[in-house]
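A.B. asks: Compact mmCIF, N, CA and C atoms and all ligand atoms, file protein37.txt:
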# COMPACT_ATOMS: atom_id res chain seq x y z
N MET A 1 -14.71 -10.71 -3.09
CA MET A 1 -14.73 -10.89 -1.63
C MET A 1 -13.73 -9.95 -0.96
N ALA A 2 -14.17 -9.27 0.06
CA ALA A 2 -13.32 -8.29 0.74
C ALA A 2 -12.10 -8.97 1.35
N GLY A 3 -12.28 -10.17 1.89
CA GLY A 3 -11.19 -10.89 2.51
C GLY A 3 -10.07 -11.20 1.53
N ASP A 4 -10.45 -11.54 0.30
CA ASP A 4 -9.45 -11.82 -0.73
C ASP A 4 -8.64 -10.58 -1.04
N GLU A 5 -9.34 -9.45 -1.10
CA GLU A 5 -8.68 -8.18 -1.40
C GLU A 5 -7.62 -7.87 -0.35
N THR A 6 -8.01 -8.05 0.89
CA THR A 6 -7.09 -7.81 2.01
C THR A 6 -5.89 -8.73 1.90
N GLY A 7 -6.14 -10.00 1.62
CA GLY A 7 -5.07 -10.97 1.50
C GLY A 7 -4.11 -10.59 0.38
N ASN A 8 -4.66 -10.18 -0.74
CA ASN A 8 -3.82 -9.78 -1.87
C ASN A 8 -2.95 -8.60 -1.51
N ARG A 9 -3.54 -7.64 -0.80
CA ARG A 9 -2.80 -6.45 -0.42
C ARG A 9 -1.64 -6.82 0.50
N LEU A 10 -1.91 -7.71 1.43
CA LEU A 10 -0.86 -8.12 2.37
C LEU A 10 0.22 -8.94 1.67
N ARG A 11 -0.22 -9.79 0.73
CA ARG A 11 0.77 -10.59 -0.01
C ARG A 11 1.69 -9.67 -0.81
N LYS A 12 1.11 -8.64 -1.40
CA LYS A 12 1.92 -7.66 -2.16
C LYS A 12 2.87 -6.93 -1.24
N GLU A 13 2.36 -6.57 -0.07
CA GLU A 13 3.18 -5.86 0.92
C GLU A 13 4.36 -6.74 1.34
N LYS A 14 4.10 -8.01 1.52
CA LYS A 14 5.15 -8.95 1.91
C LYS A 14 6.21 -9.04 0.81
N GLU A 15 5.75 -9.16 -0.43
CA GLU A 15 6.68 -9.22 -1.56
C GLU A 15 7.53 -7.96 -1.62
N ARG A 16 6.88 -6.82 -1.36
CA ARG A 16 7.57 -5.55 -1.44
C ARG A 16 8.68 -5.48 -0.38
N VAL A 17 8.36 -5.88 0.84
CA VAL A 17 9.34 -5.84 1.93
C VAL A 17 10.49 -6.80 1.65
N GLU A 18 10.15 -7.99 1.14
CA GLU A 18 11.20 -8.97 0.85
C GLU A 18 12.11 -8.48 -0.27
N ALA A 19 11.52 -7.84 -1.28
CA ALA A 19 12.30 -7.30 -2.40
C ALA A 19 13.22 -6.20 -1.91
N GLU A 20 12.69 -5.36 -1.02
CA GLU A 20 13.47 -4.25 -0.46
C GLU A 20 14.65 -4.79 0.35
N LYS A 21 14.40 -5.82 1.11
CA LYS A 21 15.46 -6.43 1.92
C LYS A 21 16.55 -7.00 1.00
N GLU A 22 16.11 -7.68 -0.04
CA GLU A 22 17.04 -8.28 -0.99
C GLU A 22 17.90 -7.19 -1.67
N ARG A 23 17.25 -6.08 -1.99
CA ARG A 23 17.94 -4.97 -2.65
C ARG A 23 19.03 -4.40 -1.73
N VAL A 24 18.66 -4.21 -0.45
CA VAL A 24 19.62 -3.69 0.52
C VAL A 24 20.77 -4.68 0.71
N ARG A 25 20.43 -5.96 0.76
CA ARG A 25 21.45 -6.99 0.96
C ARG A 25 22.47 -6.96 -0.18
N ARG A 26 21.95 -6.84 -1.41
CA ARG A 26 22.84 -6.80 -2.57
C ARG A 26 23.74 -5.57 -2.53
N GLN A 27 23.15 -4.45 -2.13
CA GLN A 27 23.93 -3.21 -2.03
C GLN A 27 25.07 -3.37 -1.04
N VAL A 28 24.74 -3.98 0.10
CA VAL A 28 25.75 -4.17 1.14
C VAL A 28 26.85 -5.08 0.64
N GLU A 29 26.45 -6.17 -0.05
CA GLU A 29 27.44 -7.10 -0.59
C GLU A 29 28.37 -6.40 -1.58
N GLU A 30 27.77 -5.59 -2.43
CA GLU A 30 28.57 -4.88 -3.42
C GLU A 30 29.55 -3.92 -2.77
N SER A 31 29.04 -3.16 -1.79
CA SER A 31 29.94 -2.20 -1.14
C SER A 31 30.97 -2.93 -0.30
N ALA A 32 30.61 -4.10 0.23
CA ALA A 32 31.57 -4.90 1.00
C ALA A 32 32.68 -5.40 0.07
N ARG A 33 32.28 -5.82 -1.13
CA ARG A 33 33.26 -6.26 -2.12
C ARG A 33 34.16 -5.10 -2.51
N ALA A 34 33.56 -3.97 -2.78
CA ALA A 34 34.33 -2.78 -3.15
C ALA A 34 35.28 -2.42 -2.02
N GLY A 35 34.77 -2.50 -0.78
CA GLY A 35 35.57 -2.19 0.39
C GLY A 35 36.73 -3.17 0.54
N ALA A 36 36.45 -4.45 0.27
CA ALA A 36 37.47 -5.49 0.38
C ALA A 36 38.58 -5.24 -0.64
N LEU A 37 38.19 -4.84 -1.84
CA LEU A 37 39.18 -4.55 -2.87
C LEU A 37 40.08 -3.40 -2.43
N GLU A 38 39.42 -2.36 -1.91
CA GLU A 38 40.16 -1.19 -1.44
C GLU A 38 41.14 -1.59 -0.34
N LEU A 39 40.61 -2.35 0.60
CA LEU A 39 41.41 -2.74 1.76
C LEU A 39 42.61 -3.57 1.34
N SER A 40 42.41 -4.44 0.34
CA SER A 40 43.49 -5.35 -0.04
C SER A 40 44.68 -4.61 -0.63
N SER A 41 44.43 -3.39 -1.12
CA SER A 41 45.54 -2.62 -1.70
C SER A 41 46.31 -1.84 -0.64
N PHE A 42 45.77 -1.88 0.59
CA PHE A 42 46.49 -1.23 1.70
C PHE A 42 46.76 -2.28 2.77
N ASP A 43 47.62 -1.91 3.69
CA ASP A 43 47.73 -2.72 4.90
C ASP A 43 46.43 -2.52 5.67
N GLN A 44 45.87 -3.61 6.20
CA GLN A 44 44.61 -3.47 6.91
C GLN A 44 44.78 -2.63 8.16
N HIS A 45 44.10 -1.53 8.13
CA HIS A 45 44.18 -0.59 9.24
C HIS A 45 43.13 -0.94 10.28
N PRO A 46 43.49 -0.95 11.57
CA PRO A 46 42.51 -1.31 12.61
C PRO A 46 41.24 -0.48 12.55
N ALA A 47 41.36 0.78 12.20
CA ALA A 47 40.18 1.65 12.15
C ALA A 47 39.21 1.18 11.07
N ASP A 48 39.77 0.72 9.95
CA ASP A 48 38.92 0.21 8.87
C ASP A 48 38.17 -1.03 9.32
N LEU A 49 38.89 -1.90 10.02
CA LEU A 49 38.27 -3.13 10.51
C LEU A 49 37.15 -2.80 11.49
N ALA A 50 37.42 -1.81 12.34
CA ALA A 50 36.42 -1.42 13.33
C ALA A 50 35.17 -0.88 12.67
N SER A 51 35.36 0.00 11.68
CA SER A 51 34.19 0.58 11.02
C SER A 51 33.47 -0.48 10.20
N ASP A 52 34.24 -1.44 9.69
CA ASP A 52 33.65 -2.55 8.95
C ASP A 52 32.73 -3.34 9.87
N LEU A 53 33.22 -3.59 11.08
CA LEU A 53 32.45 -4.34 12.06
C LEU A 53 31.20 -3.57 12.47
N ALA A 54 31.36 -2.26 12.67
CA ALA A 54 30.23 -1.41 13.05
C ALA A 54 29.18 -1.44 11.95
N LEU A 55 29.64 -1.39 10.71
CA LEU A 55 28.73 -1.42 9.57
C LEU A 55 27.97 -2.74 9.55
N ARG A 56 28.70 -3.82 9.77
CA ARG A 56 28.08 -5.13 9.77
C ARG A 56 26.99 -5.23 10.84
N GLU A 57 27.32 -4.69 12.03
CA GLU A 57 26.34 -4.72 13.11
C GLU A 57 25.12 -3.88 12.77
N GLN A 58 25.38 -2.75 12.14
CA GLN A 58 24.30 -1.87 11.73
C GLN A 58 23.40 -2.57 10.71
N MET A 59 24.05 -3.24 9.77
CA MET A 59 23.29 -3.94 8.73
C MET A 59 22.47 -5.07 9.35
N GLN A 60 23.07 -5.75 10.31
CA GLN A 60 22.37 -6.83 10.99
C GLN A 60 21.07 -6.29 11.59
N GLY A 61 21.17 -5.11 12.21
CA GLY A 61 19.99 -4.49 12.80
C GLY A 61 18.94 -4.17 11.76
N ILE A 62 19.40 -3.68 10.61
CA ILE A 62 18.46 -3.33 9.54
C ILE A 62 17.77 -4.58 9.02
N PHE A 63 18.55 -5.67 8.84
CA PHE A 63 17.95 -6.91 8.35
C PHE A 63 16.92 -7.45 9.34
N GLU A 64 17.23 -7.30 10.63
CA GLU A 64 16.29 -7.77 11.64
C GLU A 64 14.98 -6.99 11.56
N LEU A 65 15.11 -5.70 11.27
CA LEU A 65 13.90 -4.88 11.12
C LEU A 65 13.08 -5.37 9.94
N PHE A 66 13.77 -5.69 8.85
CA PHE A 66 13.07 -6.21 7.68
C PHE A 66 12.38 -7.54 8.01
N ASP A 67 13.12 -8.40 8.70
CA ASP A 67 12.57 -9.71 9.05
C ASP A 67 11.33 -9.56 9.91
N ARG A 68 11.41 -8.63 10.86
CA ARG A 68 10.26 -8.41 11.74
C ARG A 68 9.07 -7.89 10.94
N ARG A 69 9.38 -7.04 9.98
CA ARG A 69 8.31 -6.47 9.15
C ARG A 69 7.64 -7.58 8.34
N VAL A 70 8.47 -8.45 7.76
CA VAL A 70 7.93 -9.56 6.97
C VAL A 70 7.09 -10.46 7.88
N GLU A 71 7.62 -10.72 9.06
CA GLU A 71 6.93 -11.56 10.03
C GLU A 71 5.56 -10.97 10.38
N ARG A 72 5.58 -9.65 10.61
CA ARG A 72 4.36 -8.96 11.00
C ARG A 72 3.31 -9.06 9.89
N VAL A 73 3.77 -8.88 8.66
CA VAL A 73 2.85 -8.96 7.52
C VAL A 73 2.33 -10.39 7.38
N GLU A 74 3.23 -11.36 7.59
CA GLU A 74 2.82 -12.76 7.50
C GLU A 74 1.76 -13.09 8.53
N GLN A 75 1.99 -12.60 9.74
CA GLN A 75 1.03 -12.85 10.81
C GLN A 75 -0.30 -12.18 10.51
N ALA A 76 -0.19 -10.95 9.98
CA ALA A 76 -1.40 -10.22 9.63
C ALA A 76 -2.15 -10.97 8.53
N LEU A 77 -1.37 -11.55 7.62
CA LEU A 77 -1.96 -12.30 6.51
C LEU A 77 -2.72 -13.51 7.05
N GLU A 78 -2.09 -14.19 7.99
CA GLU A 78 -2.76 -15.35 8.60
C GLU A 78 -4.05 -14.93 9.28
N ARG A 79 -3.94 -13.83 10.03
CA ARG A 79 -5.12 -13.36 10.74
C ARG A 79 -6.19 -12.87 9.79
N ALA A 80 -5.75 -12.19 8.75
CA ALA A 80 -6.72 -11.65 7.78
C ALA A 80 -7.45 -12.80 7.11
N THR A 81 -6.68 -13.87 6.85
CA THR A 81 -7.29 -15.04 6.24
C THR A 81 -8.30 -15.63 7.22
N ALA A 82 -7.85 -15.70 8.47
CA ALA A 82 -8.72 -16.22 9.50
C ALA A 82 -9.73 -15.15 9.92
N GLY A 83 -9.24 -13.87 9.96
CA GLY A 83 -10.08 -12.75 10.34
C GLY A 83 -10.51 -12.82 11.79
N ILE A 84 -9.56 -13.24 12.65
CA ILE A 84 -9.90 -13.44 14.06
C ILE A 84 -9.23 -12.38 14.93
N CYS A 85 -9.98 -11.82 15.85
CA CYS A 85 -9.46 -10.85 16.80
C CYS A 85 -8.57 -11.58 17.81
N ILE A 86 -7.34 -11.06 18.03
CA ILE A 86 -6.44 -11.78 18.95
C ILE A 86 -6.84 -11.56 20.40
N ARG A 87 -7.75 -10.62 20.65
CA ARG A 87 -8.12 -10.35 22.04
C ARG A 87 -9.33 -11.18 22.46
N CYS A 88 -10.37 -11.15 21.65
CA CYS A 88 -11.59 -11.84 22.06
C CYS A 88 -11.86 -13.11 21.24
N GLY A 89 -11.09 -13.28 20.14
CA GLY A 89 -11.24 -14.49 19.35
C GLY A 89 -12.46 -14.49 18.44
N ARG A 90 -13.17 -13.36 18.41
CA ARG A 90 -14.32 -13.27 17.52
C ARG A 90 -13.86 -12.77 16.16
N PRO A 91 -14.64 -13.06 15.14
CA PRO A 91 -14.25 -12.61 13.80
C PRO A 91 -14.17 -11.08 13.73
N ILE A 92 -13.16 -10.59 13.01
CA ILE A 92 -13.01 -9.15 12.80
C ILE A 92 -13.92 -8.74 11.64
N GLU A 93 -14.58 -7.61 11.81
CA GLU A 93 -15.51 -7.14 10.78
C GLU A 93 -14.79 -6.98 9.43
N ARG A 94 -15.43 -7.42 8.37
CA ARG A 94 -14.84 -7.34 7.05
C ARG A 94 -14.49 -5.92 6.65
N GLU A 95 -15.39 -4.99 6.96
CA GLU A 95 -15.17 -3.59 6.58
C GLU A 95 -13.91 -3.07 7.28
N ARG A 96 -13.72 -3.53 8.50
CA ARG A 96 -12.57 -3.11 9.29
C ARG A 96 -11.28 -3.67 8.69
N LEU A 97 -11.31 -4.92 8.29
CA LEU A 97 -10.14 -5.55 7.68
C LEU A 97 -9.79 -4.89 6.36
N ALA A 98 -10.82 -4.47 5.64
CA ALA A 98 -10.58 -3.82 4.35
C ALA A 98 -9.86 -2.49 4.55
N LEU A 99 -10.22 -1.80 5.64
CA LEU A 99 -9.60 -0.50 5.92
C LEU A 99 -8.25 -0.66 6.59
N LEU A 100 -8.16 -1.63 7.51
CA LEU A 100 -6.94 -1.83 8.32
C LEU A 100 -6.51 -3.30 8.23
N PRO A 101 -5.88 -3.66 7.11
CA PRO A 101 -5.55 -5.08 6.91
C PRO A 101 -4.68 -5.67 8.01
N GLU A 102 -3.90 -4.80 8.68
CA GLU A 102 -2.98 -5.35 9.67
C GLU A 102 -3.56 -5.32 11.08
N THR A 103 -4.81 -4.97 11.20
CA THR A 103 -5.38 -4.86 12.53
C THR A 103 -5.43 -6.22 13.22
N GLU A 104 -5.24 -6.18 14.52
CA GLU A 104 -5.25 -7.42 15.29
C GLU A 104 -6.54 -7.56 16.09
N TYR A 105 -7.32 -6.47 16.10
CA TYR A 105 -8.50 -6.47 16.97
C TYR A 105 -9.77 -6.20 16.19
N CYS A 106 -10.85 -6.70 16.71
CA CYS A 106 -12.14 -6.37 16.16
C CYS A 106 -12.47 -4.93 16.58
N ALA A 107 -13.51 -4.36 16.00
CA ALA A 107 -13.84 -2.96 16.25
C ALA A 107 -14.08 -2.71 17.74
N ARG A 108 -14.77 -3.64 18.37
CA ARG A 108 -15.10 -3.45 19.78
C ARG A 108 -13.87 -3.45 20.66
N CYS A 109 -12.99 -4.42 20.45
CA CYS A 109 -11.76 -4.50 21.26
C CYS A 109 -10.88 -3.29 21.00
N ALA A 110 -10.78 -2.87 19.75
CA ALA A 110 -9.95 -1.71 19.42
C ALA A 110 -10.47 -0.48 20.15
N ARG A 111 -11.79 -0.35 20.19
CA ARG A 111 -12.39 0.79 20.87
C ARG A 111 -12.11 0.72 22.37
N GLU A 112 -12.25 -0.46 22.91
CA GLU A 112 -12.02 -0.64 24.34
C GLU A 112 -10.56 -0.37 24.70
N LEU A 113 -9.65 -0.82 23.84
CA LEU A 113 -8.23 -0.59 24.09
C LEU A 113 -7.91 0.89 24.02
N GLU A 114 -8.51 1.56 23.03
CA GLU A 114 -8.30 3.00 22.88
C GLU A 114 -8.78 3.74 24.12
N GLU A 115 -9.88 3.29 24.65
CA GLU A 115 -10.44 3.97 25.82
C GLU A 115 -9.74 3.55 27.10
N GLY A 116 -8.80 2.60 26.97
CA GLY A 116 -8.03 2.19 28.13
C GLY A 116 -8.74 1.22 29.03
N ARG A 117 -9.82 0.62 28.51
CA ARG A 117 -10.56 -0.35 29.33
C ARG A 117 -9.98 -1.74 29.10
N LEU A 118 -8.82 -1.99 29.69
CA LEU A 118 -8.16 -3.27 29.50
C LEU A 118 -8.70 -4.21 30.56
ZN ZN B 201 -12.15 -8.48 19.76
Let me see the structure of the file written as structure tokens.
C.D. replies:
Amino acid sequence: MAGDETGNRLRKEKERVEAEKERVRRQVEESARAGALELSSFDQHPADLASDLALREQMQGIFELFDRRVERVEQALERATAGICIRCGRPIERERLALLPETEYCARCARELEEGRL
């Protein structure tokens, strides 16, 4: 069944993104630990604290991107399972889902959106 194939692909994509996020998180933790060790051997310099904070904020942004990606894949997975166009509510063509698993629109709506006929 084409729908199953699409679902499997999206499930794999979700696993991949989650694994990637976990990998980055571990890397950050390790470098944070290494950084903490380094810092403890010196007097804590304000500049180090500032860059530490900037790094944390940067990482927060990266994690949010990962979360959004996972969310997007999850939503696509739900839709692919349902196979429903979010614009007109009609089923999305199977061939279309097989080609574009993350699509939110049926072929007709996608064409209309492309042509700017909103
Ligand atoms: Zn539609």
A.B. asks: Quick one: residues within 12 Å of ligand ZN 201 (chain B), with only C-alpha atoms and all ligand atoms, as an MDAnalysis selection string?
C.D. replies: chainID A and resid 83:93 96 103:113 118
A.B. asks: Suppose we keep N, CA and C atoms; can you now write the selection as an mmCIF file, in the frame of the given file?
C.D. replies:
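Once written, part-v2.cif looks like this:
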data_model
loop_
_atom_site.group_PDB
_atom_site.id
_atom_site.type_symbol
_atom_site.label_atom_id
_atom_site.label_comp_id
_atom_site.auth_asym_id
_atom_site.auth_seq_id
_atom_site.Cartn_x
_atom_site.Cartn_y
_atom_site.Cartn_z
ATOM 1 N N GLY A 83 -9.240 -13.870 9.960
ATOM 2 C CA GLY A 83 -10.080 -12.750 10.340
ATOM 3 C C GLY A 83 -10.510 -12.820 11.790
ATOM 4 N N ILE A 84 -9.560 -13.240 12.650
ATOM 5 C CA ILE A 84 -9.900 -13.440 14.060
ATOM 6 C C ILE A 84 -9.230 -12.380 14.930
ATOM 7 N N CYS A 85 -9.980 -11.820 15.850
ATOM 8 C CA CYS A 85 -9.460 -10.850 16.800
ATOM 9 C C CYS A 85 -8.570 -11.580 17.810
ATOM 10 N N ILE A 86 -7.340 -11.060 18.030
ATOM 11 C CA ILE A 86 -6.440 -11.780 18.950
ATOM 12 C C ILE A 86 -6.840 -11.560 20.400
ATOM 13 N N ARG A 87 -7.750 -10.620 20.650
ATOM 14 C CA ARG A 87 -8.120 -10.350 22.040
ATOM 15 C C ARG A 87 -9.330 -11.180 22.460
ATOM 16 N N CYS A 88 -10.370 -11.150 21.650
ATOM 17 C CA CYS A 88 -11.590 -11.840 22.060
ATOM 18 C C CYS A 88 -11.860 -13.110 21.240
ATOM 19 N N GLY A 89 -11.090 -13.280 20.140
ATOM 20 C CA GLY A 89 -11.240 -14.490 19.350
ATOM 21 C C GLY A 89 -12.460 -14.490 18.440
ATOM 22 N N ARG A 90 -13.170 -13.360 18.410
ATOM 23 C CA ARG A 90 -14.320 -13.270 17.520
ATOM 24 C C ARG A 90 -13.860 -12.770 16.160
ATOM 25 N N PRO A 91 -14.640 -13.060 15.140
ATOM 26 C CA PRO A 91 -14.250 -12.610 13.800
ATOM 27 C C PRO A 91 -14.170 -11.080 13.730
ATOM 28 N N ILE A 92 -13.160 -10.590 13.010
ATOM 29 C CA ILE A 92 -13.010 -9.150 12.800
ATOM 30 C C ILE A 92 -13.920 -8.740 11.640
ATOM 31 N N GLU A 93 -14.580 -7.610 11.810
ATOM 32 C CA GLU A 93 -15.510 -7.140 10.780
ATOM 33 C C GLU A 93 -14.790 -6.980 9.430
ATOM 34 N N ARG A 96 -13.720 -3.530 8.500
ATOM 35 C CA ARG A 96 -12.570 -3.110 9.290
ATOM 36 C C ARG A 96 -11.280 -3.670 8.690
ATOM 37 N N THR A 103 -4.810 -4.970 11.200
ATOM 38 C CA THR A 103 -5.380 -4.860 12.530
ATOM 39 C C THR A 103 -5.430 -6.220 13.220
ATOM 40 N N GLU A 104 -5.240 -6.180 14.520
ATOM 41 C CA GLU A 104 -5.250 -7.420 15.290
ATOM 42 C C GLU A 104 -6.540 -7.560 16.090
ATOM 43 N N TYR A 105 -7.320 -6.470 16.100
ATOM 44 C CA TYR A 105 -8.500 -6.470 16.970
ATOM 45 C C TYR A 105 -9.770 -6.200 16.190
ATOM 46 N N CYS A 106 -10.850 -6.700 16.710
ATOM 47 C CA CYS A 106 -12.140 -6.370 16.160
ATOM 48 C C CYS A 106 -12.470 -4.930 16.580
ATOM 49 N N ALA A 107 -13.510 -4.360 16.000
ATOM 50 C CA ALA A 107 -13.840 -2.960 16.250
ATOM 51 C C ALA A 107 -14.080 -2.710 17.740
ATOM 52 N N ARG A 108 -14.770 -3.640 18.370
ATOM 53 C CA ARG A 108 -15.100 -3.450 19.780
ATOM 54 C C ARG A 108 -13.870 -3.450 20.660
ATOM 55 N N CYS A 109 -12.990 -4.420 20.450
ATOM 56 C CA CYS A 109 -11.760 -4.500 21.260
ATOM 57 C C CYS A 109 -10.880 -3.290 21.000
ATOM 58 N N ALA A 110 -10.780 -2.870 19.750
ATOM 59 C CA ALA A 110 -9.950 -1.710 19.420
ATOM 60 C C ALA A 110 -10.470 -0.480 20.150
ATOM 61 N N ARG A 111 -11.790 -0.350 20.190
ATOM 62 C CA ARG A 111 -12.390 0.790 20.870
ATOM 63 C C ARG A 111 -12.110 0.720 22.370
ATOM 64 N N GLU A 112 -12.250 -0.460 22.910
ATOM 65 C CA GLU A 112 -12.020 -0.640 24.340
ATOM 66 C C GLU A 112 -10.560 -0.370 24.700
ATOM 67 N N LEU A 113 -9.650 -0.820 23.840
ATOM 68 C CA LEU A 113 -8.230 -0.590 24.090
ATOM 69 C C LEU A 113 -7.910 0.890 24.020
ATOM 70 N N LEU A 118 -8.820 -1.990 29.690
ATOM 71 C CA LEU A 118 -8.160 -3.270 29.500
ATOM 72 C C LEU A 118 -8.700 -4.210 30.560
#
A.B. asks: Would you compute the distance between atom CA of Asn8 of chain A and atom CA of Glu71 of chain A? Give it in Å to one decimal.
C.D. replies: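 Interatomic distance here is 16.1 Å.
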A.B. asks: Using Å and a single decimal, report how far atom N of Val28 of chain A sits from atom CA of Glu15 of chain A.
C.D. replies: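 It comes out at 18.9 Å.
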A.B. asks: Find the distance between atom N of Ala19 of chain A and atom CA of Ala32 of chain A and write it in Å to one decimal.
C.D. replies: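 Atom CA of Ala32 of chain A lies at a distance of 20.4 Å from atom N of Ala19 of chain A.
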A.B. asks: Of the residues A:Arg94, A:Lys12, A:Lys21, A:Arg56, which is the one nearest to Val73 of chain A, using only C-alpha atoms?
C.D. replies: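 Counting only C-alpha atoms, the residue closest to Val73 of chain A is A:Lys12.
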A.B. asks: Residues near Glu13 of chain A, anyone? I mean within 8 Å using only N, CA and C atoms, not counting same-chain ones fewer than 4 positions away, as a ChimeraX atom specification.
C.D. replies: /A:7-9,17-19,69-70,73-74
